[in-house]
file work30.pdb (PDB, C-alpha atoms)
ATOM      1  CA  ASP A 590       0.000   0.000   0.000
ATOM      2  CA  GLY A 591       1.175   3.529  -0.700
ATOM      3  CA  GLY A 592       1.524   5.908   2.184
ATOM      4  CA  ILE A 593       3.586   7.408   4.940
ATOM      5  CA  THR A 594       4.721   5.171   7.763
ATOM      6  CA  GLN A 595       5.883   6.494  11.092
ATOM      7  CA  SER A 596       7.395   4.273  13.719
ATOM      8  CA  PRO A 597       7.145   3.589  16.498
ATOM      9  CA  LYS A 598       3.623   4.704  17.413
ATOM     10  CA  TYR A 599       4.597   5.175  21.067
ATOM     11  CA  LEU A 600       8.064   5.959  22.360
ATOM     12  CA  PHE A 601       9.380   6.496  25.843
ATOM     13  CA  ARG A 602      12.693   8.183  26.520
ATOM     14  CA  LYS A 603      14.671   8.910  29.616
ATOM     15  CA  GLU A 604      15.839  12.431  30.164
ATOM     16  CA  GLY A 605      19.246  13.068  28.628
ATOM     17  CA  GLN A 606      18.871  10.468  25.888
ATOM     18  CA  ASN A 607      18.647  11.061  22.169
ATOM     19  CA  VAL A 608      15.904   9.258  20.274
ATOM     20  CA  THR A 609      15.176   8.888  16.553
ATOM     21  CA  LEU A 610      11.704   8.837  15.030
ATOM     22  CA  SER A 611      11.312   7.094  11.709
ATOM     23  CA  CYS A 612       9.352   8.387   8.714
ATOM     24  CA  GLU A 613       9.190   6.460   5.439
ATOM     25  CA  GLN A 614       7.081   7.190   2.365
ATOM     26  CA  ASN A 615       6.586   5.225  -0.835
ATOM     27  CA  LEU A 616       4.581   7.932  -2.592
ATOM     28  CA  ASN A 617       7.596   9.274  -4.488
ATOM     29  CA  HIS A 618       6.987  12.699  -2.945
ATOM     30  CA  ASP A 619       9.759  15.250  -3.101
ATOM     31  CA  ALA A 620       8.992  17.291   0.008
ATOM     32  CA  MET A 621       8.864  15.922   3.521
ATOM     33  CA  TYR A 622       8.076  17.652   6.801
ATOM     34  CA  TRP A 623       8.180  17.120  10.540
ATOM     35  CA  TYR A 624       5.617  18.765  12.781
ATOM     36  CA  ARG A 625       5.089  18.812  16.495
ATOM     37  CA  GLN A 626       1.594  18.882  17.991
ATOM     38  CA  ASP A 627       0.898  19.922  21.573
ATOM     39  CA  PRO A 628      -2.516  20.158  23.250
ATOM     40  CA  GLY A 629      -4.262  23.440  22.472
ATOM     41  CA  GLN A 630      -1.726  24.435  19.846
ATOM     42  CA  GLY A 631      -1.613  24.167  16.090
ATOM     43  CA  LEU A 632       0.961  22.005  14.376
ATOM     44  CA  ARG A 633       4.386  23.617  14.437
ATOM     45  CA  LEU A 634       7.024  22.987  11.799
ATOM     46  CA  ILE A 635      10.311  21.500  13.021
ATOM     47  CA  TYR A 636      12.194  20.754   9.800
ATOM     48  CA  TYR A 637      11.389  20.313   6.139
ATOM     49  CA  SER A 638      13.168  18.933   3.115
ATOM     50  CA  GLN A 639      12.318  19.663  -0.486
ATOM     51  CA  ILE A 640      14.937  17.417  -2.035
ATOM     52  CA  VAL A 641      17.360  14.671  -1.118
ATOM     53  CA  ASN A 642      20.432  15.805   0.808
ATOM     54  CA  ASP A 643      18.863  19.165   1.597
ATOM     55  CA  PHE A 644      16.751  20.290   4.540
ATOM     56  CA  GLN A 645      15.772  23.524   6.226
ATOM     57  CA  LYS A 646      14.911  24.549   9.767
ATOM     58  CA  GLY A 647      11.312  25.265  10.547
ATOM     59  CA  ASP A 648       9.900  27.416  13.321
ATOM     60  CA  ILE A 649      11.024  25.252  16.260
ATOM     61  CA  ALA A 650      14.167  23.401  15.138
ATOM     62  CA  GLU A 651      16.189  23.836  18.327
ATOM     63  CA  GLY A 652      16.965  20.495  19.939
ATOM     64  CA  TYR A 653      16.117  18.502  16.817
ATOM     65  CA  SER A 654      18.112  17.174  13.876
ATOM     66  CA  VAL A 655      17.184  15.454  10.610
ATOM     67  CA  SER A 656      18.748  13.815   7.593
ATOM     68  CA  ARG A 657      17.503  13.161   4.058
ATOM     69  CA  GLU A 658      19.854  10.642   2.514
ATOM     70  CA  LYS A 659      17.097   8.920   0.564
ATOM     71  CA  LYS A 660      13.983  10.349  -1.058
ATOM     72  CA  GLU A 661      11.712   8.001   0.856
ATOM     73  CA  SER A 662      13.179   8.527   4.328
ATOM     74  CA  PHE A 663      13.278  11.550   6.642
ATOM     75  CA  PRO A 664      14.196  10.523  10.222
ATOM     76  CA  LEU A 665      13.952  12.997  13.082
ATOM     77  CA  THR A 666      16.302  12.862  16.061
ATOM     78  CA  VAL A 667      15.147  14.444  19.289
ATOM     79  CA  THR A 668      18.282  15.341  21.178
ATOM     80  CA  SER A 669      18.852  15.904  24.867
ATOM     81  CA  ALA A 670      19.009  19.620  24.068
ATOM     82  CA  GLN A 671      15.253  19.672  23.480
ATOM     83  CA  LYS A 672      13.932  20.930  26.793
ATOM     84  CA  ASN A 673      10.339  19.762  26.481
ATOM     85  CA  PRO A 674      10.231  16.863  24.040
ATOM     86  CA  THR A 675       7.030  15.174  25.199
ATOM     87  CA  ALA A 676       4.610  15.666  22.303
ATOM     88  CA  PHE A 677       2.879  14.080  19.330
ATOM     89  CA  TYR A 678       5.119  14.150  16.259
ATOM     90  CA  LEU A 679       3.719  14.085  12.746
ATOM     91  CA  CYS A 680       5.580  13.470   9.511
ATOM     92  CA  ALA A 681       4.125  14.616   6.210
ATOM     93  CA  SER A 682       5.027  14.552   2.552
ATOM     94  CA  ARG A 683       3.911  16.444  -0.520
ATOM     95  CA  PRO A 684       4.517  15.967  -4.227
ATOM     96  CA  GLN A 685       6.073  18.845  -6.116
ATOM     97  CA  GLY A 686       3.538  21.303  -7.445
ATOM     98  CA  TYR A 687       0.740  19.923  -5.338
ATOM     99  CA  THR A 688      -0.592  21.673  -2.275
ATOM    100  CA  GLU A 689      -1.941  18.850  -0.147
ATOM    101  CA  ALA A 690       0.279  17.444   2.593
ATOM    102  CA  PHE A 691      -0.223  13.764   3.391
ATOM    103  CA  PHE A 692       0.375  12.837   6.996
ATOM    104  CA  GLY A 693       1.618   9.751   8.745
ATOM    105  CA  GLN A 694      -0.135   8.349  11.793
ATOM    106  CA  GLY A 695       2.184  10.057  14.240
ATOM    107  CA  THR A 696       4.541   9.083  17.031
ATOM    108  CA  ARG A 697       3.747   9.958  20.609
ATOM    109  CA  LEU A 698       6.975  10.616  22.488
ATOM    110  CA  THR A 699       6.985  10.671  26.265
ATOM    111  CA  VAL A 700      10.000  11.601  28.373
ATOM    112  CA  VAL A 701      10.089   9.708  31.649
TER     113      VAL A 701
ATOM    114  CA  LYS B1470       2.101  37.673  11.510
ATOM    115  CA  ASN B1471       0.471  34.729   9.746
ATOM    116  CA  GLN B1472      -2.241  33.310  11.967
ATOM    117  CA  VAL B1473      -5.227  30.995  11.762
ATOM    118  CA  GLU B1474      -7.850  31.132  14.480
ATOM    119  CA  GLN B1475     -10.649  28.624  14.890
ATOM    120  CA  SER B1476     -13.830  28.654  16.882
ATOM    121  CA  PRO B1477     -15.277  27.158  18.900
ATOM    122  CA  GLN B1478     -12.444  25.297  20.637
ATOM    123  CA  SER B1479     -14.762  22.414  21.354
ATOM    124  CA  LEU B1480     -18.313  21.452  20.543
ATOM    125  CA  ILE B1481     -20.747  18.739  21.597
ATOM    126  CA  ILE B1482     -23.744  17.959  19.426
ATOM    127  CA  LEU B1483     -26.323  15.197  19.260
ATOM    128  CA  GLU B1484     -26.116  12.601  16.534
ATOM    129  CA  GLY B1485     -28.078  13.677  13.486
ATOM    130  CA  LYS B1486     -27.739  17.396  14.158
ATOM    131  CA  ASN B1487     -25.865  19.886  12.008
ATOM    132  CA  CYS B1488     -22.975  22.106  13.075
ATOM    133  CA  THR B1489     -20.723  24.812  11.690
ATOM    134  CA  LEU B1490     -17.086  25.388  12.520
ATOM    135  CA  GLN B1491     -15.362  28.716  11.914
ATOM    136  CA  CYS B1492     -11.896  29.698  10.710
ATOM    137  CA  ASN B1493     -10.451  33.229  10.474
ATOM    138  CA  TYR B1494      -7.038  33.775   8.972
ATOM    139  CA  THR B1495      -4.459  36.469   8.420
ATOM    140  CA  VAL B1496      -2.102  34.741   6.004
ATOM    141  CA  SER B1497      -0.440  36.525   3.145
ATOM    142  CA  PRO B1498       0.017  35.901   0.327
ATOM    143  CA  PHE B1499      -2.916  33.516   0.326
ATOM    144  CA  SER B1500      -2.732  30.376  -1.776
ATOM    145  CA  ASN B1501      -5.438  28.028  -0.524
ATOM    146  CA  LEU B1502      -7.283  26.830   2.548
ATOM    147  CA  ARG B1503      -7.839  23.245   3.578
ATOM    148  CA  TRP B1504      -9.929  21.628   6.238
ATOM    149  CA  TYR B1505      -8.425  18.513   7.793
ATOM    150  CA  LYS B1506     -10.048  15.923  10.038
ATOM    151  CA  GLN B1507      -7.869  14.416  12.736
ATOM    152  CA  ASP B1508      -9.032  11.421  14.717
ATOM    153  CA  THR B1509      -7.521  11.096  18.176
ATOM    154  CA  GLY B1510      -3.973   9.768  18.004
ATOM    155  CA  ARG B1511      -3.926   9.770  14.203
ATOM    156  CA  GLY B1512      -2.584  12.001  11.460
ATOM    157  CA  PRO B1513      -4.809  14.642   9.823
ATOM    158  CA  VAL B1514      -6.647  13.775   6.628
ATOM    159  CA  SER B1515      -7.706  16.413   4.097
ATOM    160  CA  LEU B1516     -11.453  16.995   3.684
ATOM    161  CA  THR B1517     -11.640  19.955   1.291
ATOM    162  CA  ILE B1518      -9.469  22.537  -0.400
ATOM    163  CA  MET B1519     -10.548  26.069  -1.269
ATOM    164  CA  THR B1520      -8.673  28.424  -3.554
ATOM    165  CA  PHE B1521      -9.088  32.177  -3.757
ATOM    166  CA  SER B1522     -11.798  32.045  -6.415
ATOM    167  CA  GLU B1523     -13.954  29.378  -4.784
ATOM    168  CA  ASN B1524     -16.862  30.204  -2.470
ATOM    169  CA  THR B1525     -18.084  26.761  -1.535
ATOM    170  CA  LYS B1526     -17.069  23.147  -1.900
ATOM    171  CA  SER B1527     -18.711  19.964  -0.703
ATOM    172  CA  ASN B1528     -17.403  16.534   0.203
ATOM    173  CA  GLY B1529     -20.333  14.343   1.152
ATOM    174  CA  ARG B1530     -21.832  15.707   4.365
ATOM    175  CA  TYR B1531     -19.045  18.282   4.677
ATOM    176  CA  THR B1532     -19.449  21.693   3.039
ATOM    177  CA  ALA B1533     -16.746  24.335   3.238
ATOM    178  CA  THR B1534     -17.201  28.006   2.429
ATOM    179  CA  LEU B1535     -14.632  30.706   1.863
ATOM    180  CA  ASP B1536     -14.965  34.488   1.944
ATOM    181  CA  ALA B1537     -11.605  35.787   0.721
ATOM    182  CA  ASP B1538     -12.614  39.398   1.363
ATOM    183  CA  THR B1539     -13.242  38.891   5.075
ATOM    184  CA  LYS B1540     -10.670  36.056   5.304
ATOM    185  CA  GLN B1541     -13.140  33.686   6.847
ATOM    186  CA  SER B1542     -14.003  30.065   6.178
ATOM    187  CA  SER B1543     -16.547  27.715   7.646
ATOM    188  CA  LEU B1544     -17.024  23.963   7.650
ATOM    189  CA  HIS B1545     -20.628  22.787   7.874
ATOM    190  CA  ILE B1546     -21.344  19.205   8.857
ATOM    191  CA  THR B1547     -24.786  17.898   8.002
ATOM    192  CA  ALA B1548     -26.602  15.065   9.763
ATOM    193  CA  SER B1549     -23.701  14.333  12.074
ATOM    194  CA  GLN B1550     -22.620  10.786  12.811
ATOM    195  CA  LEU B1551     -20.699   9.344  15.727
ATOM    196  CA  SER B1552     -17.701   8.881  13.420
ATOM    197  CA  ASP B1553     -17.555  12.645  12.929
ATOM    198  CA  SER B1554     -16.147  12.939  16.446
ATOM    199  CA  ALA B1555     -12.645  14.299  15.821
ATOM    200  CA  SER B1556     -10.626  17.488  15.677
ATOM    201  CA  TYR B1557     -11.106  19.660  12.617
ATOM    202  CA  ILE B1558      -8.121  21.740  11.623
ATOM    203  CA  CYS B1559      -8.114  24.706   9.285
ATOM    204  CA  VAL B1560      -4.847  25.041   7.354
ATOM    205  CA  VAL B1561      -3.962  27.993   5.176
ATOM    206  CA  SER B1562      -1.159  27.850   2.600
ATOM    207  CA  ALA B1563       0.938  30.933   2.076
ATOM    208  CA  ASP B1564       2.048  31.229  -1.502
ATOM    209  CA  THR B1565       5.760  31.313  -0.883
ATOM    210  CA  GLY B1566       8.249  29.196  -2.809
ATOM    211  CA  PHE B1567       7.926  26.610  -0.092
ATOM    212  CA  GLN B1568       4.116  26.725   0.270
ATOM    213  CA  LYS B1569       4.221  27.431   3.973
ATOM    214  CA  LEU B1570       1.336  25.866   5.885
ATOM    215  CA  VAL B1571      -0.204  27.744   8.794
ATOM    216  CA  PHE B1572      -2.268  25.555  11.093
ATOM    217  CA  GLY B1573      -5.166  26.521  13.291
ATOM    218  CA  THR B1574      -5.460  24.980  16.753
ATOM    219  CA  GLY B1575      -8.499  22.994  15.711
ATOM    220  CA  THR B1576     -12.058  22.486  16.896
ATOM    221  CA  ARG B1577     -12.673  19.330  18.874
ATOM    222  CA  LEU B1578     -16.088  17.932  17.948
ATOM    223  CA  LEU B1579     -17.891  15.297  19.972
ATOM    224  CA  VAL B1580     -21.012  13.748  18.511
ATOM    225  CA  SER B1581     -23.108  12.252  21.256
ATOM    226  CA  PRO B1582     -25.660   9.438  20.721
TER     227      PRO B1582
END

call {"tool": "encode", "arguments": {"input": "work30.pdb", "output": "structure tokens"}}
result
Amino acid sequence: DGGITQSPKYLFRKEGQNVTLSCEQNLNHDAMYWYRQDPGQGLRLIYYSQIVNDFQKGDIAEGYSVSREKKESFPLTVTSAQKNPTAFYLCASRPQGYTEAFFGQGTRLTVV
Amino acid sequence: KNQVEQSPQSLIILEGKNCTLQCNYTVSPFSNLRWYKQDTGRGPVSLTIMTFSENTKSNGRYTATLDADTKQSSLHITASQLSDSASYICVVSADTGFQKLVFGTGTRLLVSP
């Protein structure tokens, strides 16, 4: 099936540890995005990538890092520098020239 | 500052009733406006898209309207069903080279039997 797959669905992390969230798409989309969703707030952009081997910071990139070595993969690493990492993380992709973003099912990260 | 505001924050209606959700935006330059439905713990799914020249668009029991002059949009749900219980998010695209998306905080709808 075509789509965007995020894994894992739930993730627990101890304070001070880095953790990587996976995002894979087989839609052949050029652009990929990472968003963070907190209760009572709209989705906020962490990083985006419009092409392989290139990515740009979004509005809240501090404490996060990404890579785009393959078109279909855009992993997000939440580092220990992120002060409040507990949130719902959404990955999205979009084909070039098209305005709709297609979302994965999300990863809920909890720092314990 | 680009902003999207939605109202109400939450809404409870009885099954079978209609409801209307509101979205006001200050996004420039405007490209399009989408309404997304997000079930709890899931990713958002697009319901409708409105461009500058469109006033209304329907998708089954969902009807979206757009007034580009007042920068307001509404999403009307007809004959609500229990499966309509979700958050509805208004998303406005700014027509930059990157097609920046500005998200509203959403309206949480609960359809009660």

call {"tool": "atom_distance", "arguments": {"input": "work30.pdb", "atom1": "atom CA of Thr594 of chain A", "atom2": "atom CA of Ser611 of chain A"}}
result
7.9 Å

call {"tool": "residues_around", "arguments": {"input": "work30.pdb", "residues": "Ser1522 of chain B", "least_positions_apart": "6", "cutoff": "10 Å", "atoms": "only C-alpha atoms", "output": "VMD selection string"}}
result
chain B and resid 1501 1535 to 1537

call {"tool": "resolve_selection", "arguments": {"input": "work30.pdb", "expression": "the ChimeraX specification (/B :<6) & /A", "output": "PyMOL selection string"}}
result
chain A and resi 630-632+692-695

call {"tool": "residues_around", "arguments": {"input": "work30.pdb", "residues": "Gln671 of chain A", "least_positions_apart": "2", "cutoff": "8 Å", "atoms": "all atoms listed in the file", "output": "list in words"}}
result
Glu651, Gly652, Tyr653, Val667, Thr668, Ser669, Asn673 and Pro674 of chain A

call {"tool": "atom_distance", "arguments": {"input": "work30.pdb", "atom1": "atom CA of Thr1495 of chain B", "atom2": "atom CA of Phe1521 of chain B"}}
result
13.7 Å

call {"tool": "closest_residue", "arguments": {"input": "work30.pdb", "among": "B:Asn1471, B:Leu1544, B:Ser1556, B:Tyr1505", "to": "Gln1491 of chain B", "atoms": "only C-alpha atoms"}}
result
B:Leu1544
